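Asker: Sharing coords_39.cif below, mmCIF, C-alpha atoms and all ligand atoms:
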```cif
data_input
loop_
_atom_site.label_atom_id
_atom_site.label_comp_id
_atom_site.auth_asym_id
_atom_site.auth_seq_id
_atom_site.Cartn_x
_atom_site.Cartn_y
_atom_site.Cartn_z
CA MET A 1 18.23 -15.85 45.23
CA SER A 2 14.75 -14.97 46.39
CA ASN A 3 15.31 -11.45 45.12
CA ASN A 4 16.33 -12.75 41.74
CA ARG A 5 13.36 -15.00 41.62
CA LYS A 6 10.92 -12.25 42.52
CA PHE A 7 12.48 -10.04 39.85
CA SER A 8 12.28 -12.62 37.10
CA LEU A 9 8.70 -13.47 38.03
CA GLN A 10 7.82 -9.82 37.63
CA ALA A 11 9.56 -9.81 34.29
CA LEU A 12 7.51 -12.85 33.33
CA ALA A 13 4.31 -11.14 34.45
CA ALA A 14 5.35 -8.10 32.39
CA ALA A 15 5.98 -10.35 29.39
CA VAL A 16 2.45 -11.72 29.72
CA CYS A 17 1.19 -8.12 29.92
CA ILE A 18 2.95 -7.26 26.67
CA ALA A 19 1.51 -10.37 25.05
CA ALA A 20 -1.91 -9.33 26.31
CA VAL A 21 -1.51 -5.87 24.82
CA VAL A 22 -0.38 -7.33 21.52
CA GLY A 23 -3.33 -9.71 21.74
CA GLY A 24 -5.64 -6.72 21.52
CA LEU A 25 -9.23 -6.92 22.70
CA ALA A 26 -8.96 -10.28 24.35
CA GLY A 27 -5.94 -8.97 26.20
CA ALA A 28 -7.76 -6.18 28.01
CA ALA A 29 -8.99 -8.35 30.88
CA ILE A 30 -5.67 -10.13 31.22
CA THR A 31 -3.72 -6.87 31.27
CA ARG A 32 -5.65 -5.74 34.33
CA GLY A 33 -4.61 -8.94 36.10
CA CYS A 34 -0.99 -8.41 35.09
CA VAL A 35 -0.84 -4.94 36.55
CA GLN A 36 -2.14 -6.25 39.86
CA GLU A 37 0.40 -9.05 39.89
CA ALA A 38 3.27 -6.77 39.02
CA GLU A 39 2.28 -4.21 41.66
CA VAL A 40 1.63 -6.55 44.56
CA SER A 41 4.78 -8.56 44.58
CA GLU A 42 3.59 -11.09 47.17
CA SER A 43 0.38 -12.05 45.46
CA GLY A 44 2.24 -11.72 42.17
CA ALA A 45 4.74 -14.28 43.36
CA ALA A 46 1.93 -16.52 44.58
CA ALA A 47 0.12 -16.27 41.28
CA ALA A 48 3.31 -17.00 39.38
CA GLN A 49 3.94 -19.96 41.68
CA ASP A 50 0.55 -21.33 40.67
CA GLY A 51 1.66 -20.83 37.11
CA GLN A 52 4.82 -22.80 37.74
CA GLU A 53 2.89 -25.67 39.26
CA MET A 54 0.60 -25.64 36.28
CA SER A 55 3.45 -25.72 33.80
CA ALA A 56 5.20 -28.42 35.84
CA ALA A 57 2.05 -30.52 35.66
CA GLY A 58 1.81 -29.72 31.98
CA SER A 59 5.31 -30.89 31.19
CA ALA A 60 4.80 -34.06 33.26
CA THR A 61 1.77 -34.94 31.17
CA GLY A 62 3.55 -34.01 27.98
CA GLY A 63 6.53 -36.03 29.21
CA GLN A 64 4.64 -39.30 28.85
CA ASP A 65 4.56 -38.80 25.12
CA ALA A 66 7.89 -37.02 24.77
CA PRO A 67 10.34 -37.96 27.56
CA ASN A 68 12.92 -35.41 26.37
CA ASN A 69 10.65 -32.58 27.53
CA GLN A 70 11.30 -33.52 31.17
CA GLU A 71 14.85 -32.19 30.96
CA ALA A 72 16.01 -28.57 30.94
CA PRO A 73 13.04 -26.50 32.12
CA VAL A 74 12.59 -23.30 30.13
CA SER A 75 14.21 -20.47 32.07
CA PRO A 76 12.16 -17.37 32.85
CA VAL A 77 12.51 -14.38 30.56
CA THR A 78 15.02 -11.90 32.00
CA GLN A 79 14.46 -8.15 31.89
CA GLU A 80 17.16 -7.75 29.21
CA GLU A 81 15.58 -10.50 27.15
CA LEU A 82 12.14 -8.97 27.58
CA GLN A 83 13.45 -5.66 26.25
CA MET A 84 15.08 -7.48 23.34
CA LEU A 85 11.79 -9.26 22.61
CA ASN A 86 9.88 -6.00 22.71
CA ARG A 87 12.37 -4.53 20.23
CA ALA A 88 11.89 -7.58 18.04
CA GLY A 89 8.15 -6.88 18.21
CA ILE A 90 8.54 -3.72 16.08
CA GLU A 91 11.13 -5.10 13.63
CA ASN A 92 8.57 -5.66 10.89
CA MET A 93 7.39 -2.08 10.97
CA ASP A 94 6.60 -1.44 7.32
CA ILE A 95 8.56 1.76 6.63
CA TRP A 96 8.63 3.13 3.08
CA ASP A 97 10.39 6.37 3.58
CA SER A 98 12.88 7.63 6.13
CA PRO A 99 12.52 9.54 8.34
CA VAL A 100 9.21 8.47 9.80
CA TYR A 101 7.15 11.52 10.77
CA VAL A 102 5.64 11.13 14.24
CA ILE A 103 2.58 13.34 14.42
CA GLY A 104 -0.42 13.97 16.66
CA HIS A 105 -3.89 15.35 16.01
CA ARG A 106 -5.22 18.65 14.66
CA SER A 107 -5.58 21.52 17.15
CA PRO A 108 -2.43 20.13 18.74
CA ASP A 109 -2.45 19.96 22.54
CA SER A 110 0.51 19.37 24.85
CA ASP A 111 0.12 15.58 24.94
CA THR A 112 0.00 15.37 21.15
CA VAL A 113 3.07 17.60 20.60
CA CYS A 114 5.27 16.35 23.46
CA SER A 115 4.37 12.73 22.70
CA ALA A 116 5.39 13.20 19.06
CA ILE A 117 8.78 14.57 20.15
CA ALA A 118 9.34 11.88 22.81
CA TYR A 119 8.30 9.02 20.55
CA ALA A 120 10.35 10.27 17.58
CA ARG A 121 13.36 10.22 19.87
CA LEU A 122 12.54 6.69 21.07
CA LEU A 123 12.17 5.38 17.51
CA THR A 124 15.46 7.04 16.52
CA GLU A 125 17.24 5.49 19.52
CA LEU A 126 15.85 2.13 18.45
CA GLY A 127 17.37 2.57 14.99
CA TYR A 128 14.35 3.87 13.05
CA PRO A 129 15.13 7.51 12.12
CA ALA A 130 12.10 9.58 13.02
CA GLU A 131 11.19 13.26 13.35
CA ALA A 132 8.33 14.95 15.18
CA ARG A 133 5.82 16.99 13.21
CA ILE A 134 2.70 18.97 14.14
CA THR A 135 -0.52 19.75 12.23
CA ALA A 136 -0.68 23.44 13.21
CA GLU A 137 0.92 26.03 15.48
CA VAL A 138 1.13 24.94 19.14
CA ASN A 139 -1.21 26.45 21.74
CA ARG A 140 -0.08 28.70 24.60
CA GLU A 141 0.24 25.91 27.14
CA THR A 142 2.38 23.79 24.82
CA ALA A 143 4.53 26.79 23.91
CA TYR A 144 5.12 27.27 27.66
CA ILE A 145 6.12 23.61 28.16
CA LEU A 146 8.47 23.67 25.15
CA GLN A 147 10.08 26.95 26.17
CA ASP A 148 10.51 25.75 29.76
CA ALA A 149 12.31 22.65 28.44
CA GLY A 150 14.34 24.65 25.91
CA VAL A 151 12.90 22.77 22.94
CA GLU A 152 11.77 24.25 19.62
CA ALA A 153 8.29 23.43 18.36
CA PRO A 154 8.44 20.76 15.62
CA PRO A 155 7.78 21.90 12.03
CA VAL A 156 4.23 21.80 10.67
CA LEU A 157 3.57 18.93 8.24
CA GLU A 158 1.47 20.65 5.57
CA ASP A 159 0.68 17.48 3.64
CA ALA A 160 1.11 13.92 4.92
CA ALA A 161 0.39 12.31 1.53
CA GLY A 162 3.16 9.97 0.40
CA THR A 163 5.10 10.13 3.68
CA SER A 164 5.65 7.43 6.31
CA VAL A 165 3.86 8.52 9.46
CA PHE A 166 3.48 7.23 12.99
CA LEU A 167 0.31 8.57 14.62
CA VAL A 168 0.23 9.49 18.28
CA ASP A 169 -2.76 10.52 20.40
CA HIS A 170 -5.40 9.83 17.69
CA SER A 171 -6.54 7.26 15.14
CA GLU A 172 -9.22 9.30 13.40
CA TYR A 173 -8.80 10.67 9.86
CA ALA A 174 -11.06 13.61 10.79
CA GLN A 175 -8.49 14.58 13.46
CA ALA A 176 -5.39 13.79 11.40
CA ALA A 177 -3.06 15.98 9.35
CA GLU A 178 -3.96 16.99 5.80
CA GLY A 179 -3.36 14.18 3.29
CA MET A 180 -3.38 11.38 5.88
CA GLN A 181 -5.71 9.25 3.72
CA ASP A 182 -2.79 9.03 1.26
CA ALA A 183 -0.02 8.65 3.83
CA HIS A 184 1.76 5.41 4.67
CA ILE A 185 0.88 4.75 8.32
CA VAL A 186 3.49 2.63 10.10
CA GLY A 187 2.08 2.80 13.63
CA ILE A 188 -0.49 4.20 16.04
CA LEU A 189 -0.05 4.97 19.73
CA ASP A 190 -3.19 6.19 21.45
CA HIS A 191 -5.40 6.44 24.51
CA HIS A 192 -8.74 7.15 22.81
CA GLY A 193 -11.32 4.96 21.11
CA VAL A 194 -10.38 3.20 17.89
CA GLY A 195 -10.92 5.67 15.06
CA THR A 196 -11.37 5.44 11.32
CA VAL A 197 -7.72 4.99 10.30
CA ALA A 198 -7.27 1.68 8.49
CA THR A 199 -4.28 -0.06 6.91
CA GLY A 200 -3.86 -3.25 4.94
CA HIS A 201 -0.29 -3.86 6.08
CA GLN A 202 1.04 -4.72 9.54
CA VAL A 203 1.36 -1.80 11.92
CA VAL A 204 2.60 -1.11 15.42
CA TYR A 205 -0.66 -0.50 17.22
CA GLU A 206 -0.65 0.23 20.92
CA ALA A 207 -3.56 1.72 22.82
CA ARG A 208 -4.39 1.84 26.50
CA PRO A 209 -7.31 3.34 28.40
CA ILE A 210 -5.15 5.66 30.50
CA GLY A 211 -4.60 9.37 31.13
CA SER A 212 -2.15 10.34 28.40
CA THR A 213 -0.26 9.12 25.38
CA ALA A 214 2.94 10.29 27.08
CA THR A 215 2.37 7.69 29.82
CA ILE A 216 2.26 4.92 27.19
CA ILE A 217 5.52 6.28 25.78
CA TRP A 218 7.09 6.28 29.26
CA LEU A 219 6.14 2.59 29.55
CA ASP A 220 7.60 1.97 26.08
CA TYR A 221 10.95 3.53 26.99
CA MET A 222 11.15 0.97 29.81
CA ASN A 223 9.79 -1.88 27.72
CA TYR A 224 12.42 -1.22 25.04
CA GLY A 225 15.19 -0.48 27.55
CA VAL A 226 15.93 3.10 26.43
CA ASP A 227 16.96 5.83 28.92
CA ILE A 228 14.96 9.06 29.05
CA ASP A 229 17.07 12.24 29.00
CA PRO A 230 16.06 15.11 31.36
CA THR A 231 14.70 17.30 28.53
CA THR A 232 12.46 14.60 27.09
CA ALA A 233 11.35 13.69 30.63
CA ARG A 234 10.32 17.33 31.20
CA LEU A 235 8.25 17.38 28.01
CA MET A 236 6.56 14.09 28.90
CA LEU A 237 5.87 15.34 32.43
CA GLY A 238 4.12 18.41 31.01
CA ALA A 239 2.10 16.19 28.67
CA VAL A 240 0.88 13.83 31.41
CA LEU A 241 0.00 16.70 33.78
CA SER A 242 -1.83 18.55 31.00
CA ASP A 243 -3.87 15.59 29.73
CA THR A 244 -4.79 14.38 33.24
CA ASP A 245 -5.46 17.87 34.70
CA ASN A 246 -2.69 17.34 37.24
CA LEU A 247 -3.72 13.70 37.81
CA THR A 248 -7.31 14.65 38.72
CA GLY A 249 -8.98 13.78 35.39
CA SER A 250 -11.36 10.82 35.21
CA THR A 251 -9.06 8.80 32.94
CA THR A 252 -6.08 9.04 35.33
CA THR A 253 -4.56 5.70 36.33
CA GLU A 254 -1.80 4.50 38.65
CA ALA A 255 0.42 4.34 35.55
CA ASP A 256 -0.01 8.11 35.04
CA ARG A 257 0.69 8.84 38.71
CA ARG A 258 3.86 6.74 38.66
CA ALA A 259 4.92 8.34 35.37
CA VAL A 260 4.68 11.80 36.94
CA THR A 261 6.78 10.78 39.95
CA VAL A 262 9.50 9.17 37.85
CA LEU A 263 9.54 11.78 35.06
CA ALA A 264 9.66 14.68 37.56
CA ASP A 265 12.66 13.03 39.18
CA LEU A 266 14.40 12.48 35.82
CA ALA A 267 13.64 16.07 34.75
CA GLY A 268 14.80 17.54 38.05
CA VAL A 269 11.38 19.09 38.71
CA ARG A 270 11.14 19.19 42.52
CA ASP A 271 7.78 20.94 42.87
CA VAL A 272 5.34 19.27 40.48
CA GLY A 273 2.46 21.40 41.79
CA ALA A 274 4.28 24.62 40.94
CA TYR A 275 5.26 23.28 37.52
CA TYR A 276 1.62 22.36 36.79
CA TYR A 277 0.41 25.75 38.02
CA GLY A 278 2.73 27.44 35.51
CA LEU A 279 1.41 25.59 32.49
CA HIS A 280 -2.20 25.62 33.70
CA ALA A 281 -2.23 29.38 34.23
CA GLU A 282 -0.97 29.72 30.66
CA LYS A 283 -3.72 27.42 29.38
CA LEU A 284 -6.50 29.32 31.16
CA SER A 285 -5.32 32.63 29.80
CA TYR A 286 -7.37 33.26 26.67
CA GLU A 287 -6.50 36.96 26.82
CA GLY A 288 -6.34 38.69 23.51
CA MET A 289 -7.81 35.70 21.67
CA THR A 290 -10.88 35.93 19.44
CA GLY A 291 -13.92 33.70 20.07
CA GLU A 292 -12.85 31.65 17.08
CA GLU A 293 -9.28 31.19 18.34
CA ILE A 294 -10.63 30.08 21.73
CA LEU A 295 -13.11 27.65 20.12
CA PHE A 296 -10.42 26.02 18.00
CA SER A 297 -7.63 26.01 20.62
CA ASP A 298 -8.49 22.39 21.52
CA TYR A 299 -10.97 21.31 18.87
CA LYS A 300 -11.75 17.80 17.65
CA GLU A 301 -14.07 16.34 15.03
CA TYR A 302 -15.83 13.01 15.14
CA GLU A 303 -18.07 10.96 12.91
CA ALA A 304 -20.77 8.56 14.11
CA SER A 305 -23.57 6.90 12.14
CA GLY A 306 -22.87 9.23 9.22
CA VAL A 307 -23.11 12.37 11.37
CA LYS A 308 -20.05 14.59 11.63
CA PHE A 309 -19.70 16.62 14.79
CA GLY A 310 -17.08 18.93 16.26
CA ILE A 311 -16.35 19.85 19.87
CA GLY A 312 -14.04 22.63 21.03
CA LEU A 313 -12.74 22.19 24.56
CA VAL A 314 -12.07 25.16 26.84
CA ASN A 315 -11.19 25.36 30.53
CA ALA A 316 -12.32 28.11 32.88
CA ILE A 317 -11.28 28.97 36.39
CA ASP A 318 -14.87 29.56 37.62
CA GLU A 319 -18.49 29.60 36.40
CA GLU A 320 -18.49 33.34 35.76
CA THR A 321 -15.52 32.94 33.42
CA ALA A 322 -17.17 29.89 31.83
CA ALA A 323 -20.32 31.88 31.01
CA ARG A 324 -18.20 34.69 29.58
CA LEU A 325 -16.14 32.34 27.38
CA ALA A 326 -19.38 30.63 26.23
CA GLY A 327 -20.76 34.00 25.16
CA GLN A 328 -17.49 34.87 23.43
CA MET A 329 -17.59 31.67 21.34
CA LYS A 330 -21.31 31.78 20.46
CA GLU A 331 -20.77 33.85 17.31
CA ALA A 332 -17.77 31.77 16.18
CA LEU A 333 -19.85 28.60 16.64
CA ALA A 334 -22.68 29.96 14.48
CA ALA A 335 -20.18 31.09 11.84
CA ASN A 336 -18.42 27.71 11.68
CA ILE A 337 -21.28 25.22 11.71
CA GLY A 338 -21.19 23.35 8.41
CA ALA A 339 -17.56 24.30 7.75
CA GLY A 340 -15.69 21.14 6.85
CA GLY A 341 -19.01 19.28 6.68
CA THR A 342 -19.90 19.34 10.39
CA ASP A 343 -23.58 18.59 11.08
CA LEU A 344 -23.31 19.42 14.78
CA LEU A 345 -20.94 21.83 16.50
CA TYR A 346 -20.28 22.60 20.17
CA ALA A 347 -17.99 24.31 22.59
CA SER A 348 -17.47 22.62 25.94
CA VAL A 349 -16.31 24.83 28.79
CA GLY A 350 -15.12 22.92 31.85
CA ILE A 351 -14.70 24.16 35.41
CA ARG A 352 -13.26 22.15 38.26
CA GLU A 353 -14.62 23.32 41.61
CA ASN A 354 -13.88 21.52 44.88
CA GLY A 355 -12.97 18.37 42.98
CA GLN A 356 -16.28 18.55 41.09
CA LYS A 357 -16.32 18.93 37.31
CA ILE A 358 -18.95 21.24 35.81
CA ASP A 359 -19.35 21.49 32.03
CA TYR A 360 -21.02 24.23 29.99
CA ILE A 361 -22.02 22.84 26.59
CA VAL A 362 -22.60 25.58 23.99
CA PRO A 363 -24.48 24.46 20.84
CA ALA A 364 -23.83 26.24 17.53
CA ASP A 365 -27.39 26.15 16.18
CA GLU A 366 -30.90 24.82 16.74
CA ARG A 367 -30.11 21.31 15.47
CA SER A 368 -27.06 21.06 17.75
CA ARG A 369 -29.17 22.40 20.63
CA GLN A 370 -32.00 19.92 20.07
CA MET A 371 -29.49 17.07 19.98
CA ILE A 372 -28.37 17.87 23.55
CA GLU A 373 -32.03 17.96 24.68
CA ASP A 374 -32.51 14.50 23.10
CA ALA A 375 -29.23 12.74 23.89
CA PHE A 376 -28.48 14.25 27.31
CA PRO A 377 -31.85 15.18 28.89
CA HIS A 378 -30.31 14.99 32.36
CA TYR A 379 -28.65 18.44 32.07
CA ASP A 380 -29.13 20.66 35.13
CA GLU A 381 -29.80 24.00 33.49
CA TYR A 382 -30.05 25.80 30.15
CA ASP A 383 -29.22 29.49 30.38
CA GLY A 384 -30.11 30.38 26.79
CA THR A 385 -26.49 29.93 25.64
CA SER A 386 -25.18 26.87 27.47
CA PHE A 387 -26.45 23.58 28.84
CA ILE A 388 -24.95 23.16 32.30
CA PHE A 389 -23.99 19.71 33.55
CA ARG A 390 -23.12 19.96 37.23
CA THR A 391 -21.76 16.40 37.34
CA GLY A 392 -19.69 16.92 34.20
CA LEU A 393 -19.99 15.85 30.56
CA GLY A 394 -16.35 15.16 29.69
CA ARG A 395 -15.67 15.18 25.94
CA LYS A 396 -13.80 11.88 25.89
CA THR A 397 -15.61 10.05 28.70
CA LYS A 398 -19.28 11.11 28.31
CA PHE A 399 -20.03 13.58 25.52
CA VAL A 400 -18.59 11.70 22.52
CA PRO A 401 -19.59 8.18 23.69
CA GLY A 402 -23.10 9.40 24.64
CA LEU A 403 -23.64 11.17 21.33
CA THR A 404 -22.24 8.20 19.39
CA ASP A 405 -24.63 5.82 21.16
CA TYR A 406 -27.60 8.15 20.66
CA LEU A 407 -26.86 8.58 16.93
CA ALA A 408 -26.52 4.80 16.50
CA ALA A 409 -29.88 4.24 18.20
CA HIS A 410 -31.60 7.06 16.26
CA PRO A 411 -30.33 6.96 12.66
CA HIS A 412 -31.58 10.05 10.86
CA GLU A 413 -33.46 9.61 7.62
MN MN A 501 -3.86 12.80 24.77
#
```
Hey, can you dump this file as structure tokens for me?
Ligand SMILES: [Mn+2]
Answerer:
Amino acid sequence: MSNNRKFSLQALAAAVCIAAVVGGLAGAAITRGCVQEAEVSESGAAAAQDGQEMSAAGSATGGQDAPNNQEAPVSPVTQEELQMLNRAGIENMDIWDSPVYVIGHRSPDSDTVCSAIAYARLLTELGYPAEARITAEVNRETAYILQDAGVEAPPVLEDAAGTSVFLVDHSEYAQAAEGMQDAHIVGILDHHGVGTVATGHQVVYEARPIGSTATIIWLDYMNYGVDIDPTTARLMLGAVLSDTDNLTGSTTTEADRRAVTVLADLAGVRDVGAYYYGLHAEKLSYEGMTGEEILFSDYKEYEASGVKFGIGLVNAIDEETAARLAGQMKEALAANIGAGGTDLLYASVGIRENGQKIDYIVPADERSRQMIEDAFPHYDEYDGTSFIFRTGLGRKTKFVPGLTDYLAAHPHE
């Protein structure tokens, strides 16, 4: 009895969480409360008890006007019902064309590719035929994850125009597949800032400030009541570990940590550390690649206050390697500034030493260089090629938000 009650209260708390997520901005604060309630069952139960007292008082007051309301209290939402309600929540997805192509961003990384595969499978299981697509060939790390799981890389979608697409891991036209402006977007699943993609029709739109898109998909599998097969679990595990740098990245949350534990178990991966080492070693190996290939291996473009800027992300094992990679990309940066309309262009080489993140920011030209001087004057060193930030300048957490704020405060004439 008490077990049942605790369970249904958690389901209720989860239902409120979903409502909060659907509620969008206003939901953000509530969601945080929900997670706490769901995690700490005792205080969760206490909080829910308060809720019951409140609703009891509410129905008593309402009862004076409508006596019938005193009878038959509304029963709590069960887990099965919650899953049914979540499924109902995507019923109006406005699909023109089947299958729906689930696709991530340009310069596909492991989260973008594996999330596309995992979410296409989820949609298909839910009765909406979907297929994963990618914008370009997968990188070495992703190829390793796919091969390890025995999965083929999805086909490249050359032109998204006229197709029904579900975006994962981005919501920015500048980062999206060719032709996306003329595609029919049915949904977005993301863990970045809200981008430029806009629709007039209703869409599935789910975003959370957490470590990886794959973690959101893991939550969705549970929310919709769909089992995760071992192969899909292995892909999602690789995606979470990659995007969170083995759960050490600044955007990592308890949700990501729990996802890794559960997905590793489902995938039969006993040594998560060894699995991460395998894919990480592959990622850090830029052997045989040109400066240009390295620069664009994890490259993203942004637009803020009418200024278009691009940042290529690279990881190095130590500072010596970072300086070497920076030098290797310098020429490619200079050759590519202005290509595709970029006003500013950078490479960002990250090193993680003793739990400390160091970033080498390599500007493509004088304007890009001056912008770092202006927007991030707190850099520790400039070695003639790179600005060195010894407390880190993460692309998603500091670099892009900082540059966006600076550009908004200093509109160029
Ligand atoms: Mn991601």
Asker: So, counting all atoms listed in the file, which residue among A:Gly225, A:Ile361, A:Leu167, A:Pro76 is closest to Ala198 in chain A?
Answerer: A:Leu167
Asker: How close does chain A get to ligand MN 501 (chain A)? List, as a tab-separated table, each residue of chain A within 10 Å, its nearest atom pair and the distance in Å to one decimal, counting all atoms listed in the file.
Answerer:
```
residue	atom	partner	partner_atom	distance
A:Gly104	CA	A:MN501	MN	8.9
A:His105	CA	A:MN501	MN	9.1
A:Pro108	CA	A:MN501	MN	9.6
A:Asp109	CA	A:MN501	MN	7.6
A:Ser110	CA	A:MN501	MN	7.9
A:Asp111	CA	A:MN501	MN	4.9
A:Thr112	CA	A:MN501	MN	5.9
A:Val113	CA	A:MN501	MN	9.4
A:Cys114	CA	A:MN501	MN	9.9
A:Ser115	CA	A:MN501	MN	8.5
A:Val168	CA	A:MN501	MN	8.4
A:Asp169	CA	A:MN501	MN	5.1
A:His170	CA	A:MN501	MN	7.8
A:Asp190	CA	A:MN501	MN	7.4
A:His191	CA	A:MN501	MN	6.5
A:His192	CA	A:MN501	MN	7.7
A:Ile210	CA	A:MN501	MN	9.2
A:Gly211	CA	A:MN501	MN	7.3
A:Ser212	CA	A:MN501	MN	4.7
A:Thr213	CA	A:MN501	MN	5.2
A:Ala214	CA	A:MN501	MN	7.6
A:Thr215	CA	A:MN501	MN	9.5
A:Ala239	CA	A:MN501	MN	7.9
A:Val240	CA	A:MN501	MN	8.2
A:Ser242	CA	A:MN501	MN	8.7
A:Asp243	CA	A:MN501	MN	5.7
A:Thr244	CA	A:MN501	MN	8.7
```
Asker: Using all atoms listed in the file, pick whichever of A:Leu325, A:Val307, A:Ala281, A:Leu407 has the shortest atom-to-atom distance to Ile294 in chain A.
Answerer: A:Leu325
Asker: Return as AutoDock Vina command-line options the centre and edge lengths, in Å with one decimal, of the box along x, y and z that encloses every atom of range 310-325 of chain A in the file, padded by 6 Å per side.
Answerer:
```
--center_x -15.8 --center_y 26.8 --center_z 26.9 --size_x 21.1 --size_y 27.8 --size_z 33.4
```
Asker: Measuring atom to atom with all atoms listed in the file, identify which of A:Thr135, A:Ser305, A:Ser98, A:Asn315 is nearest to Ser164 in chain A.
Answerer: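 Nearest candidate to Ser164 in chain A out of A:Thr135, A:Ser305, A:Ser98, A:Asn315: A:Ser98.
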Asker: Smallest atom-to-atom distance to Leu241 in chain A: which of A:Glu91, A:Ala255, A:Pro209, A:Tyr276, using all atoms listed in the file?
Answerer: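 Closest candidate: A:Tyr276.
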